[in-house]
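Undergrad: Got a structure for you, questions after.
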Protein chains: 2
Amino acid sequence: MAPEGSKRHRIIEAAIAVFLEHGYAATSVDRIQQRAGGSKATIYRYFHGKAELFAAIIETLVAQMTAPIDRQPLTPDGTTEELASTLARFGRAYLDVLLETRSLALYRMVMAESGRFPELGKLFYTRGPGRVAAQLTEYLRSHHPPADCAPDVQAREFLSLARADLHLKALLGVDIAGPAERDRTVSRAIAVFLAQPRRNHCR
Amino acid sequence: MAPEGSKRHRIIEAAIAVFLEHGYAATSVDRIQQRAGGSKATIYRYFHGKAELFAAIIETLVAQMTAPIDRQPLTPDGTTEELASTLARFGRAYLDVLLETRSLALYRMVMAESGRFPELGKLFYTRGPGRVAAQLTEYLRSHHPPADCAPDVQAREFLSLARADLHLKALLGVDIAGPAERDRTVSRAIAVFLAQPRRNHCR
DNA sequence: TTTGAACTGTACTGTACGGTACAGTAGCAG
DNA sequence: CTGCTACTGTACCGTACAGTACAGTTCAAA
């Protein structure tokens with residue numbers, strides 16, 4: 001889609017940097033052009049407008065962000081400790097991605113504009129958080145058929161516990177949790193997840 | 001602070017409507033003035049600029065939003081069913097507030113601008129989600145001293161389970177959960193909360 | 001009736017924006 | 001050399017914005 005040294009690639013790289021720093025509304029095409037080098041006319045040759053350029057960088061960014069999570073192996077060996085250790089790795093990788101500076105800026109931007117560009121929010125959810133939840137669901141379904149609750153419900157509950165309020169606090173600029181707090185939160189998420197009720201409590 | 005029929009009150013009401021609809025950057029003071037009636041000079045008599053007006057409406061809005069949650073009684077009678085029913089009421093009220101259209105717009109706005117106005121995000125957290133968590137913490141601490149985990153950790157875990165991904169999906173414009181899904185989510189949150197491990201799993 | 005403060009309406013300044021026009025250049029293919 | 005395409009630099013258009021200036025109006029208190 002965007003060969004490494006191409007003009008289009010340079011424009012997208014510059015747009016990512018400027019949009020992430022200032023958000024959609026406060027970003028001017030002139031600033032992107034200054035950072036990318038070359039002429040503003042070239043930007044308008046590749047993208048029909050600011051909005052189209054914005055949509056393109058969201059796609060690029062969400063793919064970049066989910067990459068570390070995709071790399072987490074979800075191939076269980078069936079042992080009893082395996083579920084806990086997989087959840088620990090996966091949960092921690094998930095939390096680390098959520099709390100990255102770039103990720104936070106991306107979430108802020110997409111949420112802010114999803115009122116005006118509803119398709120953008122849906123695309124972001126499908127390719128980002130939705131896909132992560134689907135991966136965990138698939139793992140739970142195929143390898144740990146459990147008690148009494150659908151795996152998709154379990155997956156979203158585990159991810160909610162792993163996020164806890166750390167994501168919200170980071171998004172609001174309150175603070176960004178350090179490694180120790182992340183460990184604690186994920187450990188608790190696993191403990192609560194594993195202790196969940198076994199009968200008559202789903203649906 | 002803002003007497004009902006006063007000019008200042010009219011300006012804030014108008015600003016709330018316009019900011020909620022368009023976000024901070026895309027809102028012009030002229031639009032607020034058109035909606036409030038009167039003159040732009042009057043707005044600048046009460047507020048030193050757009051940013052100060054924005055900060056004022058955030059304070060007003062967060063107070064409005066938390067009101068329905070404040071009204072939920074957190075006065076247990078000590079029976080066994082009481083914890084579950086209190087959590088059900090509180091959790092549902094909390095979720096209902098989060099999924100209101102106005103609340104979603106407020107969250108989007110504050111998140112979008114908390115990069116540029118960090119104090120704003122902190123104020124919003126302290127007066128909004130932080131205060132709700134503190135209320136639940138206090139309830140858990142004083143009336144249901146439980147197993148092995150600090151009440152503040154328990155409170156944020158319950159609220160995370162109650163939110164699940166419904167808030168995120170609503171913020172991104174994917175969909176807004178209906179009453180049935182809200183009921184299911186809160187019920188599950190309670191079930192998982194009540195089944196949480198009793199020993200050696202906190203910290 | 002006078003005084004004074006709150007308020008209005010309108011016009012204005014300076015700046016910045018998204019987007020376009022256009023003349024010109026670099027480099028490559030035939 | 002010719003032709004073509006990608007690209008550059010700069011100037012420009014129309015619009016919209018935050019914030020100010022100012023002359024005039026309302027209205028209540030003294």
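Residue numbering restarts at 1 in every chain; chains get A, B, ... in the order shown in the structure tokens, and ligands count up from 1 in that same order.
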Residues of chain D that approach chain A to 9 Å or less, counting only C-alpha atoms (C1' of nucleotides): could you list each one with the shortest pair of atoms and its distance in Å to one decimal, rows by chain and increasing residue number, as CSV?
TA:
residue,atom,partner,partner_atom,distance
D:DA6,C1',A:Thr42,CA,8.8
D:DC7,C1',A:Thr42,CA,6.9
D:DT8,C1',A:Ser39,CA,5.8
D:DG9,C1',A:Ser39,CA,7.1
Undergrad: Provide as a ChimeraX atom specification the residues of chain A at most 10 Å from chain C, counting only C-alpha atoms (C1' of nucleotides).
TA: /A:27-30,40-41,44,48-50
Undergrad: Keeping only C-alpha atoms, take the residues you just selected and write them out as a PDB file, in the first residue's frame.
TA:
ATOM      1  CA  THR A  27      -3.894  19.951  12.721  1.00  0.00           C
ATOM      2  CA  SER A  28      -3.357  22.012   9.584  1.00  0.00           C
ATOM      3  CA  VAL A  29      -2.416  20.585   6.244  1.00  0.00           C
ATOM      4  CA  ASP A  30       0.332  23.200   6.076  1.00  0.00           C
ATOM      5  CA  LYS A  40       0.947  21.059  -0.499  1.00  0.00           C
ATOM      6  CA  ALA A  41      -0.302  20.314  -3.998  1.00  0.00           C
ATOM      7  CA  TYR A  44      -3.826  16.907  -2.497  1.00  0.00           C
ATOM      8  CA  HIS A  48      -8.711  14.294  -1.765  1.00  0.00           C
ATOM      9  CA  GLY A  49      -8.769  16.246   1.464  1.00  0.00           C
ATOM     10  CA  LYS A  50      -7.831  16.415   5.089  1.00  0.00           C
TER      11      LYS A  50
END
Undergrad: List as an MDAnalysis selection string the protein and nucleic acid residues near A:Phe47, meaning an atom at most 10 Å away when only C-alpha atoms (C1' of nucleotides) are counted, but skip any in the same chain fewer than 6 places from it.
TA: chainID A and resid 8 11 41 53:54 56
Undergrad: With only C-alpha atoms as the atoms that count, which of B:Ile43, B:Leu20, B:Val97, B:Ile57 lies nearest to chain A?
TA: B:Leu20
Undergrad: Distance limit 9 Å, atoms considered: only C-alpha atoms. Which chain B residues sit that close to chain A? Return them as a PyMOL selection string.
TA: chain B and resi 21-23+25-26+105+107-116+118-125+153+156-165+168-169+171-175+184-185+187-189+191-197+201-203
Undergrad: Chain B: which residues are helix (DSSP H, G or I) by DSSP, as a VMD selection string?
TA: chain B and resid 7 to 22 29 to 36 40 to 46 50 to 70 80 to 99 101 to 113 118 to 127 129 to 143 151 to 163 166 to 171 179 to 194
Undergrad: Export, as a CSV table (one decimal), in the first residue's frame, the selected residues with C-alpha atoms.
TA:
chain,number,residue,atom,x,y,z
B,7,LYS,CA,-27.2,36.0,31.9
B,8,ARG,CA,-24.3,33.9,33.0
B,9,HIS,CA,-26.6,30.9,33.3
B,10,ARG,CA,-27.9,31.4,29.8
B,11,ILE,CA,-24.4,31.6,28.4
B,12,ILE,CA,-23.4,28.4,30.1
B,13,GLU,CA,-26.5,26.6,28.9
B,14,ALA,CA,-25.9,27.7,25.4
B,15,ALA,CA,-22.2,26.8,25.6
B,16,ILE,CA,-23.1,23.3,26.9
B,17,ALA,CA,-25.3,22.6,24.0
B,18,VAL,CA,-22.9,23.8,21.4
B,19,PHE,CA,-19.7,22.3,22.9
B,20,LEU,CA,-21.5,18.9,23.4
B,21,GLU,CA,-22.6,18.9,19.8
B,22,HIS,CA,-19.4,20.1,18.1
B,29,VAL,CA,-17.9,31.7,20.3
B,30,ASP,CA,-20.2,33.2,17.7
B,31,ARG,CA,-22.4,30.1,17.7
B,32,ILE,CA,-22.6,30.2,21.4
B,33,GLN,CA,-23.5,33.9,21.3
B,34,GLN,CA,-26.2,33.2,18.7
B,35,ARG,CA,-27.7,30.5,20.8
B,36,ALA,CA,-27.5,32.4,24.1
B,40,LYS,CA,-20.5,38.5,22.2
B,41,ALA,CA,-19.0,41.3,24.4
B,42,THR,CA,-21.2,40.0,27.3
B,43,ILE,CA,-19.7,36.6,27.0
B,44,TYR,CA,-16.2,38.1,27.2
B,45,ARG,CA,-17.3,40.0,30.3
B,46,TYR,CA,-18.1,36.8,32.1
B,50,LYS,CA,-13.1,30.3,25.1
B,51,ALA,CA,-10.9,28.1,27.2
B,52,GLU,CA,-12.2,29.5,30.5
B,53,LEU,CA,-15.8,29.1,29.3
B,54,PHE,CA,-15.0,25.5,28.4
B,55,ALA,CA,-13.6,24.7,31.8
B,56,ALA,CA,-16.7,26.2,33.4
B,57,ILE,CA,-19.1,24.0,31.4
B,58,ILE,CA,-17.1,20.9,32.2
B,59,GLU,CA,-17.6,21.5,35.9
B,60,THR,CA,-21.3,22.1,35.4
B,61,LEU,CA,-21.7,19.0,33.3
B,62,VAL,CA,-19.8,16.6,35.5
B,63,ALA,CA,-22.0,17.7,38.4
B,64,GLN,CA,-25.1,17.1,36.4
B,65,MET,CA,-24.0,13.7,35.2
B,66,THR,CA,-23.1,12.2,38.6
B,67,ALA,CA,-26.3,13.4,40.2
B,68,PRO,CA,-28.3,10.2,39.4
B,69,ILE,CA,-25.6,8.1,40.9
B,70,ASP,CA,-25.4,10.2,44.0
B,80,THR,CA,-27.1,-11.3,52.7
B,81,GLU,CA,-29.1,-10.3,49.7
B,82,GLU,CA,-28.5,-6.7,50.3
B,83,LEU,CA,-25.0,-6.6,48.8
B,84,ALA,CA,-26.2,-8.1,45.5
B,85,SER,CA,-29.2,-5.8,45.2
B,86,THR,CA,-27.2,-2.7,46.1
B,87,LEU,CA,-24.6,-3.6,43.5
B,88,ALA,CA,-27.4,-4.2,41.0
B,89,ARG,CA,-28.9,-0.8,41.5
B,90,PHE,CA,-25.6,1.0,41.7
B,91,GLY,CA,-24.1,-0.8,38.8
B,92,ARG,CA,-27.1,-0.2,36.6
B,93,ALA,CA,-27.4,3.5,37.5
B,94,TYR,CA,-23.6,3.9,36.8
B,95,LEU,CA,-24.0,2.1,33.4
B,96,ASP,CA,-27.0,4.2,32.4
B,97,VAL,CA,-25.2,7.4,33.1
B,98,LEU,CA,-22.1,6.3,31.1
B,99,LEU,CA,-24.3,5.5,28.1
B,101,THR,CA,-25.8,10.7,24.9
B,102,ARG,CA,-24.7,13.8,26.8
B,103,SER,CA,-22.3,11.7,28.9
B,104,LEU,CA,-20.7,10.2,25.8
B,105,ALA,CA,-20.2,13.6,24.3
B,106,LEU,CA,-18.7,14.9,27.5
B,107,TYR,CA,-16.2,12.0,27.7
B,108,ARG,CA,-15.2,12.5,24.1
B,109,MET,CA,-14.6,16.2,24.6
B,110,VAL,CA,-12.6,15.9,27.8
B,111,MET,CA,-10.5,13.1,26.5
B,112,ALA,CA,-9.8,15.0,23.3
B,113,GLU,CA,-8.7,18.1,25.1
B,118,PRO,CA,-4.2,18.3,31.5
B,119,GLU,CA,-5.8,19.9,34.5
B,120,LEU,CA,-9.2,19.5,32.9
B,121,GLY,CA,-8.8,15.8,32.6
B,122,LYS,CA,-7.8,15.5,36.2
B,123,LEU,CA,-10.7,17.6,37.4
B,124,PHE,CA,-13.1,15.6,35.4
B,125,TYR,CA,-11.7,12.3,36.8
B,126,THR,CA,-11.8,13.5,40.4
B,127,ARG,CA,-15.3,14.9,40.2
B,129,PRO,CA,-15.5,8.5,37.7
B,130,GLY,CA,-13.1,8.9,40.7
B,131,ARG,CA,-15.8,10.1,43.0
B,132,VAL,CA,-18.1,7.3,42.0
B,133,ALA,CA,-15.4,4.7,42.7
B,134,ALA,CA,-14.8,6.4,46.0
B,135,GLN,CA,-18.4,6.1,47.0
B,136,LEU,CA,-18.5,2.4,46.2
B,137,THR,CA,-15.2,1.9,48.0
B,138,GLU,CA,-16.6,3.6,51.1
B,139,TYR,CA,-19.7,1.4,51.0
B,140,LEU,CA,-17.6,-1.8,50.6
B,141,ARG,CA,-15.2,-0.8,53.4
B,142,SER,CA,-17.7,0.1,56.0
B,143,HIS,CA,-20.4,-2.5,55.5
B,151,PRO,CA,-12.1,-2.3,49.0
B,152,ASP,CA,-10.8,0.3,46.5
B,153,VAL,CA,-9.4,-2.5,44.4
B,154,GLN,CA,-12.7,-4.4,44.6
B,155,ALA,CA,-14.7,-1.3,43.7
B,156,ARG,CA,-12.7,-0.6,40.6
B,157,GLU,CA,-12.9,-4.2,39.6
B,158,PHE,CA,-16.7,-4.2,39.9
B,159,LEU,CA,-17.1,-1.0,38.0
B,160,SER,CA,-14.8,-2.3,35.3
B,161,LEU,CA,-16.9,-5.4,35.0
B,162,ALA,CA,-20.1,-3.3,34.9
B,163,ARG,CA,-18.7,-1.1,32.1
B,166,LEU,CA,-20.1,-1.2,26.5
B,167,HIS,CA,-18.7,2.2,27.3
B,168,LEU,CA,-15.9,1.9,24.7
B,169,LYS,CA,-18.2,0.7,22.0
B,170,ALA,CA,-20.6,3.6,22.7
B,171,LEU,CA,-17.8,6.1,22.7
B,179,PRO,CA,-31.7,-2.4,28.5
B,180,ALA,CA,-31.4,-6.1,28.1
B,181,GLU,CA,-27.7,-6.1,27.5
B,182,ARG,CA,-27.2,-3.7,30.4
B,183,ASP,CA,-29.0,-6.0,32.7
B,184,ARG,CA,-27.0,-9.0,31.5
B,185,THR,CA,-23.7,-7.2,31.9
B,186,VAL,CA,-24.5,-6.0,35.4
B,187,SER,CA,-25.7,-9.4,36.5
B,188,ARG,CA,-22.6,-11.0,35.3
B,189,ALA,CA,-20.5,-8.4,37.0
B,190,ILE,CA,-22.2,-9.1,40.3
B,191,ALA,CA,-21.8,-12.9,39.9
B,192,VAL,CA,-18.1,-12.6,39.1
B,193,PHE,CA,-17.6,-10.1,41.8
B,194,LEU,CA,-19.3,-12.3,44.4
